[in-house]
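See below for model.txt, which holds compact mmCIF, N, CA and C atoms.
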```
# COMPACT_ATOMS: atom_id res chain seq x y z
N MET A 1 107.06 85.75 80.38
CA MET A 1 106.52 86.72 81.31
C MET A 1 106.00 86.08 82.60
N ILE A 2 105.74 84.80 82.56
CA ILE A 2 105.24 84.12 83.76
C ILE A 2 106.31 84.14 84.86
N PHE A 3 107.58 84.18 84.43
CA PHE A 3 108.67 84.26 85.39
C PHE A 3 108.56 85.55 86.21
N LEU A 4 108.24 86.66 85.55
CA LEU A 4 108.07 87.92 86.27
C LEU A 4 106.91 87.86 87.26
N MET A 5 105.88 87.13 86.90
CA MET A 5 104.73 86.98 87.80
C MET A 5 105.18 86.29 89.09
N TYR A 6 105.98 85.24 88.94
CA TYR A 6 106.47 84.52 90.12
C TYR A 6 107.46 85.36 90.93
N VAL A 7 108.27 86.14 90.25
CA VAL A 7 109.19 87.03 90.96
C VAL A 7 108.41 88.06 91.77
N GLY A 8 107.39 88.64 91.16
CA GLY A 8 106.55 89.60 91.87
C GLY A 8 105.85 88.98 93.05
N LEU A 9 105.36 87.75 92.86
CA LEU A 9 104.70 87.05 93.96
C LEU A 9 105.67 86.79 95.11
N LEU A 10 106.88 86.36 94.78
CA LEU A 10 107.90 86.11 95.81
C LEU A 10 108.24 87.38 96.58
N ILE A 11 108.39 88.48 95.87
CA ILE A 11 108.70 89.76 96.51
C ILE A 11 107.55 90.19 97.42
N ALA A 12 106.32 90.02 96.96
CA ALA A 12 105.15 90.40 97.76
C ALA A 12 105.05 89.54 99.02
N VAL A 13 105.32 88.25 98.89
CA VAL A 13 105.26 87.36 100.06
C VAL A 13 106.36 87.73 101.06
N ILE A 14 107.55 88.02 100.57
CA ILE A 14 108.64 88.43 101.47
C ILE A 14 108.27 89.72 102.19
N GLY A 15 107.64 90.65 101.49
CA GLY A 15 107.19 91.89 102.12
C GLY A 15 106.13 91.65 103.17
N GLY A 16 105.21 90.72 102.90
CA GLY A 16 104.18 90.38 103.88
C GLY A 16 104.76 89.74 105.12
N ILE A 17 105.73 88.86 104.93
CA ILE A 17 106.39 88.24 106.07
C ILE A 17 107.17 89.28 106.86
N GLY A 18 107.81 90.21 106.14
CA GLY A 18 108.52 91.30 106.82
C GLY A 18 107.59 92.17 107.64
N SER A 19 106.40 92.39 107.13
CA SER A 19 105.40 93.17 107.86
C SER A 19 104.98 92.45 109.14
N LEU A 20 104.79 91.15 109.04
CA LEU A 20 104.44 90.37 110.24
C LEU A 20 105.58 90.38 111.26
N ILE A 21 106.79 90.27 110.79
CA ILE A 21 107.95 90.32 111.70
C ILE A 21 108.01 91.67 112.41
N ALA A 22 107.77 92.76 111.65
CA ALA A 22 107.77 94.09 112.27
C ALA A 22 106.67 94.21 113.31
N ALA A 23 105.50 93.64 113.02
CA ALA A 23 104.40 93.70 113.98
C ALA A 23 104.73 92.91 115.24
N PHE A 24 105.29 91.72 115.09
CA PHE A 24 105.65 90.92 116.26
C PHE A 24 106.78 91.57 117.06
N LYS A 25 107.71 92.26 116.38
CA LYS A 25 108.79 92.95 117.10
C LYS A 25 108.25 94.13 117.91
N THR A 26 107.18 94.75 117.41
CA THR A 26 106.59 95.87 118.14
C THR A 26 105.90 95.38 119.41
N HIS A 27 105.05 94.37 119.26
CA HIS A 27 104.37 93.78 120.42
C HIS A 27 103.71 92.48 119.96
N ILE A 28 103.70 91.51 120.82
CA ILE A 28 103.13 90.20 120.47
C ILE A 28 101.67 90.31 120.05
N LEU A 29 100.92 91.21 120.70
CA LEU A 29 99.51 91.36 120.35
C LEU A 29 99.33 91.99 118.96
N TRP A 30 100.23 92.90 118.59
CA TRP A 30 100.18 93.45 117.23
C TRP A 30 100.43 92.35 116.22
N GLY A 31 101.38 91.49 116.50
CA GLY A 31 101.67 90.39 115.58
C GLY A 31 100.50 89.46 115.42
N ILE A 32 99.89 89.09 116.52
CA ILE A 32 98.74 88.18 116.46
C ILE A 32 97.57 88.84 115.74
N ALA A 33 97.33 90.10 116.03
CA ALA A 33 96.23 90.82 115.38
C ALA A 33 96.45 90.92 113.87
N CYS A 34 97.67 91.23 113.46
CA CYS A 34 97.97 91.33 112.02
C CYS A 34 97.91 89.98 111.33
N LEU A 35 98.22 88.94 112.06
CA LEU A 35 98.16 87.60 111.50
C LEU A 35 96.72 87.14 111.29
N LEU A 36 95.83 87.52 112.20
CA LEU A 36 94.47 87.01 112.17
C LEU A 36 93.46 87.94 111.50
N PHE A 37 93.69 89.25 111.55
CA PHE A 37 92.72 90.22 111.04
C PHE A 37 93.39 91.18 110.07
N ALA A 38 92.96 91.18 108.81
CA ALA A 38 93.57 92.04 107.79
C ALA A 38 93.47 93.54 108.13
N PRO A 39 92.34 94.03 108.65
CA PRO A 39 92.28 95.46 108.98
C PRO A 39 93.32 95.89 110.03
N ALA A 40 93.72 94.98 110.88
CA ALA A 40 94.73 95.31 111.89
C ALA A 40 96.06 95.65 111.23
N SER A 41 96.34 95.03 110.09
CA SER A 41 97.58 95.33 109.38
C SER A 41 97.59 96.77 108.88
N LEU A 42 96.45 97.24 108.41
CA LEU A 42 96.36 98.63 107.96
C LEU A 42 96.51 99.60 109.13
N VAL A 43 95.89 99.27 110.25
CA VAL A 43 96.02 100.11 111.44
C VAL A 43 97.47 100.13 111.90
N PHE A 44 98.10 98.95 111.91
CA PHE A 44 99.52 98.88 112.29
C PHE A 44 100.38 99.73 111.35
N LEU A 45 100.09 99.66 110.05
CA LEU A 45 100.85 100.44 109.07
C LEU A 45 100.76 101.93 109.36
N VAL A 46 99.57 102.40 109.69
CA VAL A 46 99.38 103.83 109.95
C VAL A 46 100.03 104.24 111.28
N LEU A 47 99.82 103.44 112.32
CA LEU A 47 100.32 103.82 113.64
C LEU A 47 101.82 103.61 113.81
N HIS A 48 102.38 102.67 113.07
CA HIS A 48 103.82 102.35 113.21
C HIS A 48 104.51 102.46 111.85
N TRP A 49 104.30 103.60 111.20
CA TRP A 49 104.82 103.81 109.85
C TRP A 49 106.33 103.63 109.79
N SER A 50 107.04 104.08 110.79
CA SER A 50 108.51 104.05 110.73
C SER A 50 109.06 102.63 110.63
N VAL A 51 108.39 101.66 111.23
CA VAL A 51 108.88 100.28 111.16
C VAL A 51 108.16 99.47 110.09
N ALA A 52 107.00 99.94 109.65
CA ALA A 52 106.19 99.17 108.69
C ALA A 52 106.35 99.63 107.25
N LYS A 53 107.01 100.76 107.03
CA LYS A 53 107.05 101.30 105.67
C LYS A 53 107.89 100.46 104.71
N ASN A 54 109.02 99.93 105.15
CA ASN A 54 109.86 99.15 104.24
C ASN A 54 109.18 97.85 103.78
N PRO A 55 108.61 97.05 104.69
CA PRO A 55 107.89 95.87 104.21
C PRO A 55 106.68 96.23 103.34
N PHE A 56 106.02 97.34 103.66
CA PHE A 56 104.88 97.77 102.85
C PHE A 56 105.32 98.09 101.42
N PHE A 57 106.39 98.85 101.28
CA PHE A 57 106.86 99.21 99.94
C PHE A 57 107.38 97.98 99.18
N LEU A 58 107.96 97.03 99.89
CA LEU A 58 108.40 95.79 99.25
C LEU A 58 107.20 95.00 98.73
N THR A 59 106.15 94.92 99.52
CA THR A 59 104.92 94.25 99.07
C THR A 59 104.32 94.99 97.88
N LEU A 60 104.30 96.30 97.95
CA LEU A 60 103.77 97.11 96.86
C LEU A 60 104.58 96.90 95.57
N LEU A 61 105.89 96.80 95.69
CA LEU A 61 106.74 96.54 94.53
C LEU A 61 106.39 95.19 93.90
N GLY A 62 106.18 94.19 94.72
CA GLY A 62 105.81 92.88 94.20
C GLY A 62 104.48 92.91 93.48
N VAL A 63 103.52 93.63 94.01
CA VAL A 63 102.21 93.74 93.37
C VAL A 63 102.33 94.47 92.03
N VAL A 64 103.14 95.51 91.99
CA VAL A 64 103.33 96.25 90.73
C VAL A 64 103.99 95.36 89.69
N ILE A 65 104.98 94.58 90.08
CA ILE A 65 105.64 93.66 89.14
C ILE A 65 104.64 92.64 88.61
N MET A 66 103.80 92.09 89.50
CA MET A 66 102.80 91.13 89.05
C MET A 66 101.79 91.78 88.09
N PHE A 67 101.38 93.00 88.40
CA PHE A 67 100.44 93.71 87.54
C PHE A 67 101.04 93.97 86.17
N LEU A 68 102.27 94.45 86.14
CA LEU A 68 102.93 94.72 84.86
C LEU A 68 103.14 93.44 84.06
N SER A 69 103.46 92.37 84.74
CA SER A 69 103.63 91.09 84.07
C SER A 69 102.31 90.63 83.45
N ALA A 70 101.22 90.82 84.15
CA ALA A 70 99.91 90.45 83.61
C ALA A 70 99.55 91.32 82.42
N MET A 71 99.89 92.59 82.47
CA MET A 71 99.59 93.49 81.37
C MET A 71 100.42 93.15 80.13
N MET A 72 101.60 92.59 80.33
CA MET A 72 102.47 92.23 79.20
C MET A 72 102.13 90.85 78.65
N GLY A 73 101.15 90.18 79.23
CA GLY A 73 100.72 88.89 78.70
C GLY A 73 101.18 87.70 79.51
N GLY A 74 101.56 87.91 80.76
CA GLY A 74 102.02 86.82 81.59
C GLY A 74 100.92 85.90 82.08
N HIS A 75 99.67 86.30 81.91
CA HIS A 75 98.55 85.49 82.38
C HIS A 75 98.17 84.39 81.41
N ALA A 76 98.70 84.41 80.20
CA ALA A 76 98.32 83.40 79.19
C ALA A 76 99.06 82.09 79.39
```

Could you write out this file's structure as structure tokens?
Amino acid sequence: MIFLMYVGLLIAVIGGIGSLIAAFKTHILWGIACLLFAPASLVFLVLHWSVAKNPFFLTLLGVVIMFLSAMMGGHA
């Protein structure tokens, strides 16, 4: 089950990088703000849902996989 934990982590990291790429594509200041301040990422997600939704759902999928892996005993 530890393999699933790593797969979930990889998916979540790819989603986070995708979110940063979307922010930088929108505007350089959005990218810098999302890189330095976590609340800015949430604001970006709400204001630019059309470009931020896919990376967000990818990150969410990774977190769900990690959670399920932990529930199945992957933390041991």

### Message
Give me the residues near segment 57-61 of chain A as a ChimeraX atom specification, where near means some atom within 7 Å (using all atoms listed in the file) and where sequence neighbours in that chain fewer than 3 positions away do not count.
### Response
/A:8,11-16,52-54,64-66

Selection from above, N, CA and C atoms, as an mmCIF file, in the frame of the given file, can you write it?
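The file below, out.cif, is the result:
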```
data_model
loop_
_atom_site.group_PDB
_atom_site.id
_atom_site.type_symbol
_atom_site.label_atom_id
_atom_site.label_comp_id
_atom_site.auth_asym_id
_atom_site.auth_seq_id
_atom_site.Cartn_x
_atom_site.Cartn_y
_atom_site.Cartn_z
ATOM 1 N N GLY A 8 107.390 88.640 91.160
ATOM 2 C CA GLY A 8 106.550 89.600 91.870
ATOM 3 C C GLY A 8 105.850 88.980 93.050
ATOM 4 N N ILE A 11 108.390 88.480 95.870
ATOM 5 C CA ILE A 11 108.700 89.760 96.510
ATOM 6 C C ILE A 11 107.550 90.190 97.420
ATOM 7 N N ALA A 12 106.320 90.020 96.960
ATOM 8 C CA ALA A 12 105.150 90.400 97.760
ATOM 9 C C ALA A 12 105.050 89.540 99.020
ATOM 10 N N VAL A 13 105.320 88.250 98.890
ATOM 11 C CA VAL A 13 105.260 87.360 100.060
ATOM 12 C C VAL A 13 106.360 87.730 101.060
ATOM 13 N N ILE A 14 107.550 88.020 100.570
ATOM 14 C CA ILE A 14 108.640 88.430 101.470
ATOM 15 C C ILE A 14 108.270 89.720 102.190
ATOM 16 N N GLY A 15 107.640 90.650 101.490
ATOM 17 C CA GLY A 15 107.190 91.890 102.120
ATOM 18 C C GLY A 15 106.130 91.650 103.170
ATOM 19 N N GLY A 16 105.210 90.720 102.900
ATOM 20 C CA GLY A 16 104.180 90.380 103.880
ATOM 21 C C GLY A 16 104.760 89.740 105.120
ATOM 22 N N ALA A 52 107.000 99.940 109.650
ATOM 23 C CA ALA A 52 106.190 99.170 108.690
ATOM 24 C C ALA A 52 106.350 99.630 107.250
ATOM 25 N N LYS A 53 107.010 100.760 107.030
ATOM 26 C CA LYS A 53 107.050 101.300 105.670
ATOM 27 C C LYS A 53 107.890 100.460 104.710
ATOM 28 N N ASN A 54 109.020 99.930 105.150
ATOM 29 C CA ASN A 54 109.860 99.150 104.240
ATOM 30 C C ASN A 54 109.180 97.850 103.780
ATOM 31 N N VAL A 64 103.140 95.510 91.990
ATOM 32 C CA VAL A 64 103.330 96.250 90.730
ATOM 33 C C VAL A 64 103.990 95.360 89.690
ATOM 34 N N ILE A 65 104.980 94.580 90.080
ATOM 35 C CA ILE A 65 105.640 93.660 89.140
ATOM 36 C C ILE A 65 104.640 92.640 88.610
ATOM 37 N N MET A 66 103.800 92.090 89.500
ATOM 38 C CA MET A 66 102.800 91.130 89.050
ATOM 39 C C MET A 66 101.790 91.780 88.090
#
```

#### Entry: Using all atoms listed in the file: which of A:Leu4, A:Leu20, A:Leu68, A:Leu47 has the shortest distance to Ile32 of chain A
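Closest to Ile32 of chain A, using all atoms listed in the file: A:Leu20.
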
#### Entry: Shell around Ala40 of chain A at 12 Å using only C-alpha atoms, local window under 5 positions removed, as a list in words
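Residues near the query, excluding close chain neighbours: Ser19, Leu20, Ala23, Leu29, Trp30, Gly31, Ile32, Ala33, Cys34, Leu35, Leu45, Val46, Leu47 and His48 of chain A.
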
Could you turn the residues from that selection into a file that holds N, CA and C atoms, as a compact mmCIF listing (two decimals), in the frame of the given file?
```txt
# COMPACT_ATOMS: atom_id res chain seq x y z
N SER A 19 106.40 92.39 107.13
CA SER A 19 105.40 93.17 107.86
C SER A 19 104.98 92.45 109.14
N LEU A 20 104.79 91.15 109.04
CA LEU A 20 104.44 90.37 110.24
C LEU A 20 105.58 90.38 111.26
N ALA A 23 105.50 93.64 113.02
CA ALA A 23 104.40 93.70 113.98
C ALA A 23 104.73 92.91 115.24
N LEU A 29 100.92 91.21 120.70
CA LEU A 29 99.51 91.36 120.35
C LEU A 29 99.33 91.99 118.96
N TRP A 30 100.23 92.90 118.59
CA TRP A 30 100.18 93.45 117.23
C TRP A 30 100.43 92.35 116.22
N GLY A 31 101.38 91.49 116.50
CA GLY A 31 101.67 90.39 115.58
C GLY A 31 100.50 89.46 115.42
N ILE A 32 99.89 89.09 116.52
CA ILE A 32 98.74 88.18 116.46
C ILE A 32 97.57 88.84 115.74
N ALA A 33 97.33 90.10 116.03
CA ALA A 33 96.23 90.82 115.38
C ALA A 33 96.45 90.92 113.87
N CYS A 34 97.67 91.23 113.46
CA CYS A 34 97.97 91.33 112.02
C CYS A 34 97.91 89.98 111.33
N LEU A 35 98.22 88.94 112.06
CA LEU A 35 98.16 87.60 111.50
C LEU A 35 96.72 87.14 111.29
N LEU A 45 100.09 99.66 110.05
CA LEU A 45 100.85 100.44 109.07
C LEU A 45 100.76 101.93 109.36
N VAL A 46 99.57 102.40 109.69
CA VAL A 46 99.38 103.83 109.95
C VAL A 46 100.03 104.24 111.28
N LEU A 47 99.82 103.44 112.32
CA LEU A 47 100.32 103.82 113.64
C LEU A 47 101.82 103.61 113.81
N HIS A 48 102.38 102.67 113.07
CA HIS A 48 103.82 102.35 113.21
C HIS A 48 104.51 102.46 111.85
```

Mind giving me the axis-aligned box for segment 5-23 of chain A with 3 Å on every side, centre plus edges in Å to one decimal, as lines of an AutoDock Vina configuration file?
```
center_x = 106.7
center_y = 89.4
center_z = 101.1
size_x = 11.0
size_y = 15.7
size_z = 34.3
```

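We find atom C of Ser69 of chain A and atom C of Leu9 of chain A to be spaced 12.7 Å apart.
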
### Task
Give me, please, the distance in Å between atom C of Leu42 of chain A and atom CA of Ala70 of chain A, quoted to one decimal.
27.3 Å

### Query
Using only C-alpha atoms, which of A:Ile28, A:Ile17, A:Leu10, A:Ala22 sits nearest Gly62 of chain A?
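For Gly62 of chain A, the nearest of the candidates is A:Leu10.
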
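What separates atom C of Met72 of chain A from atom CA of Met1 of chain A is a distance of 6.6 Å.
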
Incomplete segment 42-57 of chain A filled out to N, CA, C and O atoms as a PDB file, in the coordinates of the input:
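File written: result28.pdb
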```pdb
ATOM      1  N   LEU A  42      96.450  97.240 108.410  1.00  0.00           N
ATOM      2  CA  LEU A  42      96.360  98.630 107.960  1.00  0.00           C
ATOM      3  C   LEU A  42      96.510  99.600 109.130  1.00  0.00           C
ATOM      4  O   LEU A  42      97.171 100.634 109.010  1.00  0.00           O
ATOM      5  N   VAL A  43      95.890  99.270 110.250  1.00  0.00           N
ATOM      6  CA  VAL A  43      96.020 100.110 111.440  1.00  0.00           C
ATOM      7  C   VAL A  43      97.470 100.130 111.900  1.00  0.00           C
ATOM      8  O   VAL A  43      98.019 101.182 112.235  1.00  0.00           O
ATOM      9  N   PHE A  44      98.100  98.950 111.910  1.00  0.00           N
ATOM     10  CA  PHE A  44      99.520  98.880 112.290  1.00  0.00           C
ATOM     11  C   PHE A  44     100.380  99.730 111.350  1.00  0.00           C
ATOM     12  O   PHE A  44     101.283 100.427 111.785  1.00  0.00           O
ATOM     13  N   LEU A  45     100.090  99.660 110.050  1.00  0.00           N
ATOM     14  CA  LEU A  45     100.850 100.440 109.070  1.00  0.00           C
ATOM     15  C   LEU A  45     100.760 101.930 109.360  1.00  0.00           C
ATOM     16  O   LEU A  45     101.765 102.637 109.316  1.00  0.00           O
ATOM     17  N   VAL A  46      99.570 102.400 109.690  1.00  0.00           N
ATOM     18  CA  VAL A  46      99.380 103.830 109.950  1.00  0.00           C
ATOM     19  C   VAL A  46     100.030 104.240 111.280  1.00  0.00           C
ATOM     20  O   VAL A  46     100.721 105.256 111.351  1.00  0.00           O
ATOM     21  N   LEU A  47      99.820 103.440 112.320  1.00  0.00           N
ATOM     22  CA  LEU A  47     100.320 103.820 113.640  1.00  0.00           C
ATOM     23  C   LEU A  47     101.820 103.610 113.810  1.00  0.00           C
ATOM     24  O   LEU A  47     102.449 104.293 114.627  1.00  0.00           O
ATOM     25  N   HIS A  48     102.380 102.670 113.070  1.00  0.00           N
ATOM     26  CA  HIS A  48     103.820 102.350 113.210  1.00  0.00           C
ATOM     27  C   HIS A  48     104.510 102.460 111.850  1.00  0.00           C
ATOM     28  O   HIS A  48     105.218 101.555 111.422  1.00  0.00           O
ATOM     29  N   TRP A  49     104.300 103.600 111.200  1.00  0.00           N
ATOM     30  CA  TRP A  49     104.820 103.810 109.850  1.00  0.00           C
ATOM     31  C   TRP A  49     106.330 103.630 109.790  1.00  0.00           C
ATOM     32  O   TRP A  49     106.855 103.076 108.825  1.00  0.00           O
ATOM     33  N   SER A  50     107.040 104.080 110.790  1.00  0.00           N
ATOM     34  CA  SER A  50     108.510 104.050 110.730  1.00  0.00           C
ATOM     35  C   SER A  50     109.060 102.630 110.630  1.00  0.00           C
ATOM     36  O   SER A  50     110.079 102.416 109.972  1.00  0.00           O
ATOM     37  N   VAL A  51     108.390 101.660 111.230  1.00  0.00           N
ATOM     38  CA  VAL A  51     108.880 100.280 111.160  1.00  0.00           C
ATOM     39  C   VAL A  51     108.160  99.470 110.090  1.00  0.00           C
ATOM     40  O   VAL A  51     108.654  98.433 109.661  1.00  0.00           O
ATOM     41  N   ALA A  52     107.000  99.940 109.650  1.00  0.00           N
ATOM     42  CA  ALA A  52     106.190  99.170 108.690  1.00  0.00           C
ATOM     43  C   ALA A  52     106.350  99.630 107.250  1.00  0.00           C
ATOM     44  O   ALA A  52     105.874  98.951 106.352  1.00  0.00           O
ATOM     45  N   LYS A  53     107.010 100.760 107.030  1.00  0.00           N
ATOM     46  CA  LYS A  53     107.050 101.300 105.670  1.00  0.00           C
ATOM     47  C   LYS A  53     107.890 100.460 104.710  1.00  0.00           C
ATOM     48  O   LYS A  53     107.494 100.253 103.565  1.00  0.00           O
ATOM     49  N   ASN A  54     109.020  99.930 105.150  1.00  0.00           N
ATOM     50  CA  ASN A  54     109.860  99.150 104.240  1.00  0.00           C
ATOM     51  C   ASN A  54     109.180  97.850 103.780  1.00  0.00           C
ATOM     52  O   ASN A  54     109.168  97.568 102.578  1.00  0.00           O
ATOM     53  N   PRO A  55     108.610  97.050 104.690  1.00  0.00           N
ATOM     54  CA  PRO A  55     107.890  95.870 104.210  1.00  0.00           C
ATOM     55  C   PRO A  55     106.680  96.230 103.340  1.00  0.00           C
ATOM     56  O   PRO A  55     106.372  95.520 102.383  1.00  0.00           O
ATOM     57  N   PHE A  56     106.020  97.340 103.660  1.00  0.00           N
ATOM     58  CA  PHE A  56     104.880  97.770 102.850  1.00  0.00           C
ATOM     59  C   PHE A  56     105.320  98.090 101.420  1.00  0.00           C
ATOM     60  O   PHE A  56     104.681  97.653 100.460  1.00  0.00           O
ATOM     61  N   PHE A  57     106.390  98.850 101.280  1.00  0.00           N
ATOM     62  CA  PHE A  57     106.860  99.210  99.940  1.00  0.00           C
ATOM     63  C   PHE A  57     107.380  97.980  99.180  1.00  0.00           C
ATOM     64  O   PHE A  57     107.256  97.902  97.963  1.00  0.00           O
TER      65      PHE A  57
END
```
